[in-house]
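Visitor: Have a peek at start.txt (compact mmCIF, C-alpha atoms).
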# COMPACT_ATOMS: atom_id res chain seq x y z
CA MET X 1 0.00 0.00 0.00
CA ILE X 2 1.19 3.50 -0.80
CA SER X 3 0.60 5.85 2.08
CA GLN X 4 -0.98 9.24 1.50
CA ASN X 5 2.14 11.01 2.73
CA VAL X 6 4.05 9.89 -0.30
CA PHE X 7 1.85 12.12 -2.41
CA LEU X 8 1.57 14.98 0.08
CA LYS X 9 5.21 15.26 1.11
CA ARG X 10 6.78 14.62 -2.20
CA SER X 11 9.95 16.49 -2.89
CA TRP X 12 9.71 16.47 -6.68
CA PRO X 13 6.81 17.57 -8.81
CA MET X 14 4.69 14.63 -9.84
CA LEU X 15 4.45 15.19 -13.51
CA VAL X 16 4.27 12.26 -15.80
CA GLN X 17 5.07 13.29 -19.29
CA CYS X 18 3.87 11.41 -22.26
CA ALA X 19 6.34 11.09 -25.06
CA GLU X 20 3.45 10.85 -27.45
CA ALA X 21 2.15 14.30 -26.53
CA HIS X 22 4.94 15.91 -28.54
CA ARG X 23 4.54 13.73 -31.55
CA LYS X 24 2.75 14.38 -34.75
CA PRO X 25 -0.03 11.85 -35.27
CA ARG X 26 1.07 9.24 -37.73
CA TRP X 27 -1.57 10.00 -40.31
CA LEU X 28 -0.53 13.65 -40.71
CA PRO X 29 1.92 14.51 -43.48
CA VAL X 30 5.33 16.00 -42.86
CA ALA X 31 5.14 19.50 -41.39
CA LYS X 32 5.71 22.32 -43.89
CA SER X 33 8.73 23.56 -42.00
CA LYS X 34 10.26 20.07 -41.99
CA ILE X 35 9.74 19.08 -45.61
CA TYR X 36 13.22 19.97 -46.81
CA ARG X 37 14.99 18.95 -43.64
CA ILE X 38 17.22 16.02 -44.35
CA PRO X 39 18.24 14.14 -41.22
CA LYS X 40 21.96 13.83 -40.81
CA ARG X 41 23.41 10.38 -41.13
CA PRO X 42 25.11 9.05 -38.04
CA VAL X 43 28.85 8.95 -38.58
CA VAL X 44 30.30 5.62 -37.50
CA SER X 45 34.00 5.07 -37.74
CA GLU X 46 35.21 2.10 -39.75
CA GLU X 47 36.70 0.41 -36.67
CA GLU X 48 33.49 0.71 -34.74
CA ARG X 49 31.40 -0.45 -37.67
CA LEU X 50 33.47 -3.60 -38.09
CA GLU X 51 33.36 -4.38 -34.40
CA LEU X 52 29.62 -3.79 -34.15
CA LEU X 53 29.04 -5.94 -37.21
CA ARG X 54 31.07 -8.75 -35.68
CA ILE X 55 29.35 -8.51 -32.30
CA ASN X 56 25.87 -8.34 -33.76
CA ASN X 57 26.54 -11.23 -36.10
CA ASN X 58 27.83 -13.23 -33.17
CA TYR X 59 24.76 -12.43 -31.13
CA LYS X 60 22.42 -13.45 -33.93
CA THR X 61 24.25 -16.74 -34.42
CA GLN X 62 24.11 -17.52 -30.71
CA MET X 63 20.44 -16.67 -30.40
CA ARG X 64 19.56 -18.69 -33.47
CA ALA X 65 21.32 -21.71 -32.01
CA ILE X 66 19.53 -21.35 -28.67
CA ARG X 67 16.16 -20.88 -30.29
CA ARG X 68 16.68 -23.90 -32.51
CA PHE X 69 17.80 -26.03 -29.57
CA TYR X 70 14.71 -25.27 -27.52
CA TYR X 71 12.40 -25.60 -30.49
CA GLU X 72 13.74 -29.08 -31.21
CA GLU X 73 13.52 -30.02 -27.57
CA MET X 74 9.92 -28.90 -27.46
CA ILE X 75 9.09 -31.05 -30.46
CA LYS X 76 10.93 -34.01 -28.98
CA GLU X 77 9.08 -33.67 -25.69
CA LYS X 78 5.77 -33.42 -27.45
CA SER X 79 6.37 -36.57 -29.47
CA THR X 80 7.49 -38.56 -26.44
CA LYS X 81 4.44 -37.42 -24.52
CA GLU X 82 2.22 -38.49 -27.36
CA SER X 83 3.84 -41.87 -27.69
CA ALA X 84 3.62 -42.48 -23.93
CA SER X 85 -0.03 -41.60 -23.76
CA SER X 86 -0.84 -43.38 -26.98
CA GLU X 87 -0.70 -46.92 -25.50
CA MET X 88 -3.26 -46.04 -22.87
CA SER X 89 -5.36 -44.06 -25.26
CA ILE X 90 -5.43 -46.86 -27.84
CA ARG X 91 -6.98 -49.27 -25.31
CA LEU X 92 -9.45 -46.68 -24.13
CA GLU X 93 -10.35 -45.76 -27.66
CA ALA X 94 -10.92 -49.41 -28.58
CA GLU X 95 -13.24 -49.89 -25.61
CA ASP X 96 -15.11 -46.75 -26.43
CA TRP X 97 -15.40 -47.86 -30.03
CA ALA X 98 -16.81 -51.27 -29.06
CA ARG X 99 -19.35 -49.62 -26.77
CA CYS X 100 -20.37 -47.23 -29.51
CA VAL X 101 -20.78 -50.07 -32.01
CA GLU X 102 -22.97 -52.05 -29.60
CA LEU X 103 -25.18 -49.07 -28.91
CA ASN X 104 -25.42 -48.27 -32.56
CA GLU X 105 -26.46 -51.83 -33.43
CA LYS X 106 -29.12 -51.77 -30.73
CA TRP X 107 -30.52 -48.55 -32.09
CA ASN X 108 -30.40 -49.92 -35.60
CA ALA X 109 -32.41 -53.03 -34.56
CA GLU X 110 -35.03 -50.88 -32.86
CA VAL X 111 -35.40 -48.65 -35.84
CA ALA X 112 -35.53 -51.67 -38.18
CA ALA X 113 -38.44 -53.24 -36.21
CA GLU X 114 -40.31 -49.97 -36.24
CA ARG X 115 -39.72 -49.58 -39.93
CA GLU X 116 -40.95 -53.13 -40.63
CA GLU X 117 -44.23 -52.48 -38.82
CA ARG X 118 -44.72 -49.21 -40.57
CA ARG X 119 -44.01 -50.82 -43.91
CA LYS X 120 -46.64 -53.51 -43.29
CA ILE X 121 -49.29 -50.94 -42.44
CA GLN X 122 -48.37 -48.85 -45.44
CA LEU X 123 -48.51 -51.87 -47.73
CA ALA X 124 -52.00 -52.81 -46.52
CA GLU X 125 -53.18 -49.27 -47.00
CA MET X 126 -51.79 -49.17 -50.48
CA GLU X 127 -53.45 -52.48 -51.39
CA GLU X 128 -56.79 -51.28 -50.13
CA TYR X 129 -56.50 -48.06 -52.03
CA ALA X 130 -55.50 -49.84 -55.21
CA LEU X 131 -58.40 -52.30 -54.99
CA ALA X 132 -60.92 -49.51 -54.47
CA HIS X 133 -59.43 -47.59 -57.31
CA MET X 134 -59.62 -50.61 -59.59
CA GLU X 135 -63.25 -51.20 -58.70
CA VAL X 136 -64.14 -47.63 -59.50
CA LYS X 137 -62.28 -47.84 -62.77
CA ASP X 138 -64.07 -51.09 -63.68
CA ARG X 139 -67.43 -49.57 -62.98
CA GLU X 140 -66.65 -46.51 -65.02
CA LEU X 141 -65.51 -48.68 -67.92
CA LYS X 142 -68.71 -50.75 -67.78
CA GLU X 143 -70.84 -47.63 -67.74
CA ARG X 144 -69.01 -46.22 -70.71
CA ILE X 145 -69.44 -49.46 -72.63
CA GLU X 146 -73.15 -49.50 -71.87
CA LYS X 147 -73.49 -45.92 -72.98
CA ALA X 148 -71.62 -46.66 -76.14
CA THR X 149 -73.74 -49.73 -76.99
CA LYS X 150 -76.88 -47.67 -76.48
CA GLU X 151 -75.57 -44.98 -78.77
CA ILE X 152 -74.67 -47.58 -81.37
CA LYS X 153 -78.15 -49.06 -81.24
CA ARG X 154 -79.75 -45.64 -81.67
CA GLN X 155 -77.48 -44.81 -84.57
CA LYS X 156 -78.31 -48.14 -86.20
CA GLU X 157 -81.99 -47.44 -85.91
CA LEU X 158 -81.43 -43.98 -87.31
CA SER X 159 -79.30 -45.27 -90.14
CA GLU X 160 -82.41 -46.66 -91.89
CA THR X 161 -83.49 -43.07 -92.60
CA PHE X 162 -80.07 -41.96 -93.92
CA ILE X 163 -79.70 -40.77 -97.48
CA THR X 164 -77.40 -43.15 -99.33
CA PRO X 165 -76.24 -43.07 -102.98
CA GLU X 166 -78.89 -45.69 -103.75
CA ASN X 167 -81.83 -43.65 -102.54
CA LEU X 168 -80.39 -40.22 -103.37
CA ASP X 169 -82.58 -39.67 -106.41
CA GLU X 170 -85.66 -40.72 -104.48
CA ALA X 171 -84.86 -38.24 -101.73
CA ILE X 172 -84.28 -35.43 -104.22
CA GLU X 173 -87.52 -36.16 -105.92
CA TYR X 174 -89.30 -36.26 -102.59
CA ALA X 175 -87.78 -32.93 -101.58
CA ILE X 176 -88.78 -31.30 -104.87
CA ALA X 177 -92.28 -32.72 -104.63
CA ASN X 178 -92.78 -31.46 -101.08
CA PRO X 179 -91.24 -28.01 -100.79
CA THR X 180 -91.18 -26.70 -97.27
CA ASP X 181 -91.56 -23.06 -96.53
CA TYR X 182 -89.85 -21.95 -93.32
CA ASN X 183 -90.50 -18.28 -93.92
CA TYR X 184 -92.99 -17.73 -91.13
CA ALA X 185 -93.15 -16.29 -87.68
CA ILE X 186 -94.65 -17.76 -84.55
CA ASP X 187 -96.08 -16.05 -81.53
CA LEU X 188 -95.87 -17.13 -77.92
CA ARG X 189 -98.62 -19.61 -78.35
CA GLY X 190 -96.92 -21.23 -81.26
CA LYS X 191 -99.29 -19.92 -83.88
CA LYS X 192 -97.83 -19.68 -87.34
CA TYR X 193 -97.93 -16.48 -89.36
CA VAL X 194 -97.08 -17.36 -92.89
CA GLY X 195 -95.56 -14.54 -94.94
CA THR X 196 -97.44 -13.20 -97.91
CA GLU X 197 -94.46 -13.50 -100.18
CA THR X 198 -92.44 -16.63 -99.68
CA PRO X 199 -88.98 -16.63 -101.19
CA GLY X 200 -89.00 -20.39 -101.23
CA SER X 201 -91.62 -20.21 -103.92
CA LEU X 202 -89.42 -18.11 -106.15
CA PRO X 203 -87.46 -19.79 -108.92
CA LYS X 204 -84.03 -20.96 -107.68
CA ASP X 205 -81.88 -19.25 -110.32
CA GLU X 206 -83.34 -15.80 -109.67
CA LYS X 207 -82.83 -16.17 -105.95
CA ARG X 208 -79.16 -17.10 -106.36
CA THR X 209 -78.44 -14.01 -108.52
CA ASN X 210 -80.16 -11.78 -105.98
CA SER X 211 -78.18 -13.09 -103.10
CA SER X 212 -74.93 -12.83 -105.05
CA VAL X 213 -75.60 -9.15 -105.80
CA MET R 1 19.07 28.16 -66.39
CA THR R 2 20.45 25.89 -63.78
CA THR R 3 18.12 23.45 -62.15
CA VAL R 4 18.45 23.24 -58.41
CA ILE R 5 17.78 19.81 -57.01
CA LYS R 6 15.99 19.91 -53.69
CA TYR R 7 16.01 16.66 -51.80
CA VAL R 8 13.06 15.59 -49.66
CA GLY R 9 12.94 13.02 -46.88
CA ARG R 10 15.58 10.65 -45.71
CA THR R 11 18.95 9.93 -47.19
CA THR R 12 19.57 6.60 -48.83
CA ASP R 13 22.38 4.17 -49.52
CA PHE R 14 21.16 3.60 -53.04
CA LYS R 15 22.91 5.17 -55.96
CA GLY R 16 21.78 4.83 -59.54
CA LYS R 17 18.58 4.20 -61.43
CA THR R 18 15.80 1.67 -61.30
CA LEU R 19 16.21 -1.29 -63.59
CA TRP R 20 13.44 -0.15 -65.91
CA GLU R 21 15.01 3.26 -66.34
CA ILE R 22 18.12 1.55 -67.62
CA VAL R 23 16.63 -1.33 -69.59
CA GLY R 24 13.74 0.63 -71.13
CA ASN R 25 16.08 3.03 -72.91
CA LEU R 26 18.35 0.39 -74.43
CA LYS R 27 18.21 -1.32 -77.78
CA ASN R 28 16.56 -4.76 -77.51
CA LEU R 29 15.82 -3.92 -73.86
CA GLY R 30 19.49 -4.25 -73.02
CA VAL R 31 19.86 -7.99 -73.55
CA GLY R 32 23.56 -8.88 -73.36
CA ARG R 33 24.54 -5.75 -71.43
CA ILE R 34 26.04 -5.76 -67.97
CA ILE R 35 24.54 -4.03 -64.95
CA VAL R 36 25.77 -3.57 -61.41
CA ARG R 37 24.02 -3.11 -58.09
CA SER R 38 25.97 -0.32 -56.49
CA VAL R 39 25.30 -1.74 -53.02
CA PHE R 40 27.37 -4.78 -53.97
CA GLU R 41 30.29 -2.61 -54.99
CA ARG R 42 31.35 -2.47 -51.36
CA TYR R 43 32.99 -5.86 -51.79
CA PRO R 44 36.50 -5.92 -53.21
CA GLU R 45 35.61 -8.78 -55.57
CA PRO R 46 33.68 -7.85 -58.72
CA SER R 47 29.92 -8.39 -58.66
CA PHE R 48 27.87 -7.81 -61.80
CA MET R 49 24.96 -9.18 -63.75
CA LYS R 50 24.58 -9.93 -67.44
CA ILE R 51 21.06 -9.47 -68.79
CA VAL R 52 19.76 -12.56 -70.57
CA LYS R 53 16.05 -11.99 -70.89
CA VAL R 54 13.69 -9.10 -70.19
CA GLU R 55 9.95 -9.10 -69.71
CA THR R 56 8.07 -5.86 -69.35
CA CYS R 57 5.35 -5.39 -66.75
CA PRO R 58 1.79 -4.06 -67.01
CA ASP R 59 1.02 -0.43 -66.38
CA GLU R 60 0.13 -1.03 -62.71
CA GLU R 61 3.75 -2.02 -62.04
CA ARG R 62 5.38 0.83 -63.87
CA ARG R 63 8.48 0.92 -61.73
CA ARG R 64 9.23 -2.76 -62.09
CA VAL R 65 10.50 -5.03 -64.79
CA ARG R 66 11.16 -8.76 -64.88
CA VAL R 67 14.73 -9.49 -65.84
CA TRP R 68 16.71 -12.73 -65.89
CA VAL R 69 20.41 -12.35 -65.38
CA GLU R 70 23.57 -14.37 -65.17
CA LYS R 71 24.77 -13.26 -61.79
CA THR R 72 28.35 -13.00 -60.67
CA PHE R 73 28.55 -12.29 -56.99
CA ARG R 74 31.81 -11.54 -55.25
CA GLY R 75 33.90 -12.91 -58.07
CA ARG R 76 31.99 -16.16 -58.41
CA LYS R 77 29.49 -16.95 -61.11
CA LEU R 78 26.26 -18.47 -59.81
CA PRO R 79 24.85 -21.49 -61.65
CA GLY R 80 21.69 -20.90 -63.65
CA LEU R 81 19.75 -17.71 -64.16
CA THR R 82 18.53 -15.37 -61.46
CA GLU R 83 15.26 -13.55 -61.78
CA ILE R 84 15.10 -9.92 -60.71
CA TYR R 85 11.58 -8.71 -60.14
CA ARG R 86 10.97 -7.87 -56.50
CA THR R 87 14.06 -5.69 -56.30
CA SER R 88 13.87 -4.21 -59.79
CA TYR R 89 12.27 -0.99 -58.53
CA LYS R 90 15.26 -0.11 -56.36
CA PRO R 91 17.09 2.92 -57.73
CA ASP R 92 20.39 1.20 -57.23
CA TYR R 93 21.36 -0.18 -60.65
CA LYS R 94 24.12 1.04 -62.87
CA LEU R 95 24.82 0.24 -66.51
CA ILE R 96 28.39 -0.66 -67.44
CA PRO R 97 29.55 1.02 -70.65
CA LYS R 98 30.51 -1.39 -73.39
CA HIS R 99 34.20 -0.52 -73.41
CA GLU R 100 34.46 -1.34 -69.70
CA GLU R 101 32.73 -4.70 -69.93
CA SER R 102 35.84 -6.64 -70.94
CA LYS R 103 37.82 -5.17 -68.04
CA LEU R 104 35.14 -6.26 -65.59
CA LEU R 105 34.87 -9.73 -67.11
CA THR R 106 38.62 -10.33 -66.97
CA SER R 107 38.77 -9.25 -63.32
CA VAL R 108 36.84 -12.37 -62.28
CA THR R 109 39.31 -14.71 -60.61
CA ASN R 110 36.94 -17.07 -58.75
CA GLU R 111 38.89 -16.35 -55.61
CA HIS R 112 38.21 -14.30 -52.55
CA TYR R 113 40.63 -11.90 -50.98
CA PHE R 114 40.54 -13.99 -47.79
CA PRO R 115 41.39 -17.65 -47.26
CA GLU R 116 38.51 -20.11 -47.35
CA VAL R 117 36.25 -20.01 -44.31
CA ILE R 118 34.57 -23.19 -43.07
CA LEU R 119 31.71 -22.53 -40.69
CA PRO R 120 31.12 -24.86 -37.75
CA ASN R 121 27.96 -26.92 -37.33
CA THR R 122 27.81 -26.64 -33.57
CA ILE R 123 28.17 -23.99 -30.94
CA GLU R 124 28.96 -24.22 -27.25
CA MET R 125 26.06 -23.52 -24.88
CA PRO R 126 25.98 -20.38 -22.79
CA PRO R 127 27.18 -20.96 -19.20
CA LEU R 128 23.85 -20.56 -17.44
CA MET R 129 22.11 -22.79 -19.94
CA LYS R 130 24.73 -25.48 -19.34
CA LYS R 131 24.01 -25.48 -15.61
CA PHE R 132 20.28 -25.39 -16.19
CA ILE R 133 20.35 -28.32 -18.56
CA ILE R 134 22.53 -30.41 -16.28
CA LYS R 135 20.10 -29.81 -13.42
CA ASP R 136 17.09 -30.40 -15.60
CA HIS R 137 18.44 -33.71 -16.86
CA GLU R 138 19.25 -34.82 -13.35
CA LYS R 139 15.73 -34.01 -12.24
CA LYS R 140 14.15 -35.87 -15.10
CA GLY R 141 16.52 -38.79 -14.66
CA LEU R 142 17.92 -38.56 -18.17
CA GLU R 143 21.51 -39.38 -18.90
CA LEU R 144 23.80 -36.38 -18.94
CA MET R 145 24.93 -34.81 -22.19
CA LYS R 146 28.62 -35.34 -22.66
CA ASN R 147 29.51 -32.25 -24.64
CA LEU R 148 27.18 -29.36 -24.09
CA VAL R 149 26.84 -28.08 -27.64
CA MET R 150 23.93 -26.98 -29.76
CA PRO R 151 23.46 -27.44 -33.50
CA LEU R 152 23.81 -24.31 -35.60
CA SER R 153 21.65 -23.48 -38.56
CA TYR R 154 22.41 -21.10 -41.37
CA ASN R 155 20.24 -19.36 -43.88
CA ASN R 156 20.20 -20.86 -47.33
CA SER R 157 21.48 -18.40 -49.85
CA PRO R 158 23.21 -18.83 -53.20
CA ASN R 159 25.28 -15.79 -52.30
CA ARG R 160 27.03 -17.51 -49.40
CA VAL R 161 30.78 -17.09 -49.65
CA GLN R 162 31.66 -19.07 -46.55
CA ARG R 163 31.31 -22.83 -46.62
CA ILE R 164 29.48 -24.84 -43.96
CA ALA R 165 31.54 -27.71 -42.59
CA LYS R 166 30.64 -31.18 -43.82
CA PRO R 167 30.50 -33.92 -41.18
CA GLY R 168 34.01 -34.79 -40.04
CA GLU R 169 35.50 -31.59 -41.34
CA GLN R 170 37.43 -29.21 -39.15
CA PRO R 171 35.91 -25.69 -39.18
CA THR R 172 38.32 -22.82 -39.56
CA VAL R 173 36.33 -20.46 -37.36
CA GLU R 174 34.70 -21.15 -34.05
CA PHE R 175 31.74 -19.37 -32.54
CA THR R 176 31.75 -19.03 -28.78
CA MET R 177 29.46 -17.50 -26.24
CA SER R 178 32.14 -15.10 -25.06
CA LEU R 179 33.04 -11.77 -26.59
CA GLY R 180 35.57 -13.36 -28.90
CA LYS R 181 38.47 -11.79 -30.63
CA PRO R 182 37.74 -8.11 -31.30
CA ALA R 183 37.89 -6.96 -34.89
CA SER R 184 39.32 -3.61 -33.90
CA PRO R 185 41.33 -3.92 -30.69
CA SER R 186 41.87 -0.18 -30.48
CA LEU R 187 38.34 0.19 -29.15
CA TYR R 188 39.18 -1.98 -26.14
CA GLU R 189 42.29 -0.12 -25.07
CA GLY R 190 42.47 0.20 -21.32
CA VAL R 191 39.64 -2.29 -20.79
CA LEU R 192 40.37 -5.27 -18.60
CA HIS R 193 39.21 -8.28 -20.49
CA LYS R 194 39.68 -11.87 -19.51
Would you mind writing the structure in this file as structure tokens?

Guide:
Amino acid sequence: MISQNVFLKRSWPMLVQCAEAHRKPRWLPVAKSKIYRIPKRPVVSEEERLELLRINNNYKTQMRAIRRFYYEEMIKEKSTKESASSEMSIRLEAEDWARCVELNEKWNAEVAAEREERRKIQLAEMEEYALAHMEVKDRELKERIEKATKEIKRQKELSETFITPENLDEAIEYAIANPTDYNYAIDLRGKKYVGTETPGSLPKDEKRTNSSV
Amino acid sequence: MTTVIKYVGRTTDFKGKTLWEIVGNLKNLGVGRIIVRSVFERYPEPSFMKIVKVETCPDEERRRVRVWVEKTFRGRKLPGLTEIYRTSYKPDYKLIPKHEESKLLTSVTNEHYFPEVILPNTIEMPPLMKKFIIKDHEKKGLELMKNLVMPLSYNNSPNRVQRIAKPGEQPTVEFTMSLGKPASPSLYEGVLHK
């Protein structure tokens, strides 16, 4: 603990100066007054330079050797530690592995039984659905066939009244002999109002020219 | 009118031009010419480079150029070609005029001005480390190291002029943990030194 008296009875002014306070922040450019100032190169005598070079080179060599020595020792230690612990760890790992395999097989069997049950239910459902679907389809097909046979019968009956090349002349003659006049109106009660002038009674050639014009 | 050069900023050890300033102004981009890094002129043996191949760089790298050279460093020609790209921007290259080339080439003697130096592979441990290791080995029950030395490693560089000792070879220099033999004894005058 620092007693209070140290601060009160101090003999020198307690002023902590920051070296940074005098510095230019790094991101500012060189001051205008300092742009053309070229710092002087330190003058080192040749003797001193050679001696310093030798000493520094020596120091670097020594430090490199020490660093390498301890680095290699560290690696050696690590490898021995690993090899020592590996025998134990191999046994433990094998046990753990066996336990894991057993557990996994148990889980697999459980899941397989569940899956088998589910598959059975699904299969039954699918069969049921397919049978119902087939029944519906069968019924639809039968209905369509019935419908078709009915239609065929009707058409066969109708076919007796068809105009064929054999009875074409007959039909034409019949049509000419019995002209039909559709040019009439009917009211709500269905009463016919025949027109006074029926175009159907006009000669055919004249009518064609009229319509073409 | 005389132009006054005003320098800005720090001084530099470099002297010369960037490689592109030299090579870009030469015929055939200066293939076959000889250039010199002026920093390497501090060695008494000749160091120079003969340009073999030049590749220009895109506009973003306008200060650089990719040059392959046959390098002769400290009077010894290096095998193969050396690529200069990372250092090509340094304003430290000098072109050798053609009439001086032959003089430079003939000055290569493949010999250094000093006798051959063989570097050791081991170094003695520092005194405190020796004691520490002896204690540590005793504590761990390991057998004691007979000679307390550490292996030494060196940087791999094609420019190395001193040879590393092969196994069984006697090194010519020895590194110790002490101060060693001073290079300039005049600095130690009047200093007691064991």

Visitor: Pick out the residues sitting within 9 Å of Thr172 (chain R), and hand them over as a ChimeraX atom specification; count only C-alpha atoms, and ignore anything fewer than 3 positions along from it in its own chain.

Guide: /R:116-120,165

Visitor: Can you list, as a JSON list (two decimals) with C-alpha atoms, in the coordinates of the input, every protein, DNA or RNA residue that comes within 10 Å of Tyr7 (chain R) when you count all atoms listed in the file, leaving out same-chain residues fewer than 6 positions away?

Guide:
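Writing the result to around14.json gives the following:
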[["chain", "number", "residue", "atom", "x", "y", "z"],
["X", 35, "ILE", "CA", 9.74, 19.08, -45.61],
["X", 36, "TYR", "CA", 13.22, 19.97, -46.81],
["X", 37, "ARG", "CA", 14.99, 18.95, -43.64],
["X", 38, "ILE", "CA", 17.22, 16.02, -44.35]]

Visitor: Could you pull the residues within 10 Å of Val23 (chain R), counting only C-alpha atoms, minus those fewer than 4 positions along the same chain, as number ranges by chain?

Guide: R: 18-19, 27-31, 33, 35, 51, 54, 56, 65, 67, 95

Visitor: Write the residues you've just listed into a file as a short mmCIF file (atom, residue, chain, number, x, y, z; two decimals), in the coordinates of the input, and include C-alpha atoms for each of them.

Guide:
data_model
loop_
_atom_site.label_atom_id
_atom_site.label_comp_id
_atom_site.auth_asym_id
_atom_site.auth_seq_id
_atom_site.Cartn_x
_atom_site.Cartn_y
_atom_site.Cartn_z
CA THR R 18 15.80 1.67 -61.30
CA LEU R 19 16.21 -1.29 -63.59
CA LYS R 27 18.21 -1.32 -77.78
CA ASN R 28 16.56 -4.76 -77.51
CA LEU R 29 15.82 -3.92 -73.86
CA GLY R 30 19.49 -4.25 -73.02
CA VAL R 31 19.86 -7.99 -73.55
CA ARG R 33 24.54 -5.75 -71.43
CA ILE R 35 24.54 -4.03 -64.95
CA ILE R 51 21.06 -9.47 -68.79
CA VAL R 54 13.69 -9.10 -70.19
CA THR R 56 8.07 -5.86 -69.35
CA VAL R 65 10.50 -5.03 -64.79
CA VAL R 67 14.73 -9.49 -65.84
CA LEU R 95 24.82 0.24 -66.51
#

Visitor: What's the 9 Å shell around Thr122 (chain R), counting all atoms listed in the file, without same-chain residues fewer than 6 positions away, as a list in words?

Guide: Ala65 of chain X; Val149, Met150, Pro151, Leu152, Ser153, Glu174 and Phe175 of chain R

Visitor: I need the chain R residues near chain X as an NGL selection string; criterion: at most 10 Å, counting only C-alpha atoms.

Guide: :R and (6-12 or 121-126 or 129 or 149-154 or 175-187)

Visitor: Excluding Leu144 (chain R) and residues on its chain fewer than 2 positions from it, collect all residues at most 12 Å away from it, counting only C-alpha atoms, and give them as a list in words.

Guide: Lys130, Lys131, Phe132, Ile133, Ile134, Lys135, Asp136, His137, Glu138, Lys139, Lys140, Gly141, Leu142, Lys146, Asn147 and Leu148 of chain R

Visitor: What is the distance between CA of Lys15 (chain R) and CA of Phe73 (chain R), in Å to one decimal?

Guide: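 Between CA of Lys15 (chain R) and CA of Phe73 (chain R) the gap works out to 18.4 Å.
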
Visitor: Pick out the closest residue to Ile163 (chain X) from this set: X:Met134, X:Ala175, X:Ile90, X:Ala112. Count all atoms listed in the file.

Guide: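 That would be X:Ala175, the residue with the smallest distance to Ile163 (chain X).
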
Visitor: Please, what distance in Å, to one decimal, runs between CA of Lys150 (chain X) and CA of Lys137 (chain X)?

Guide: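 Calculated distance between CA of Lys150 (chain X) and CA of Lys137 (chain X) is 20.0 Å.
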
Visitor: Using only C-alpha atoms, pick whichever of R:Met49, R:Pro44, R:Asn156, R:Arg63 has the shortest atom-to-atom distance to Leu81 (chain R).

Guide: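 Of R:Met49, R:Pro44, R:Asn156, R:Arg63, the one nearest Leu81 (chain R) is R:Met49, counting only C-alpha atoms.
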
Visitor: Restricting the calculation to all atoms listed in the file, which member of R:Val69, R:Pro46, R:Lys90, R:Asp59 is positioned closest to Ser107 (chain R)?

Guide: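 With all atoms listed in the file as the atom set, the closest residue is R:Pro46.
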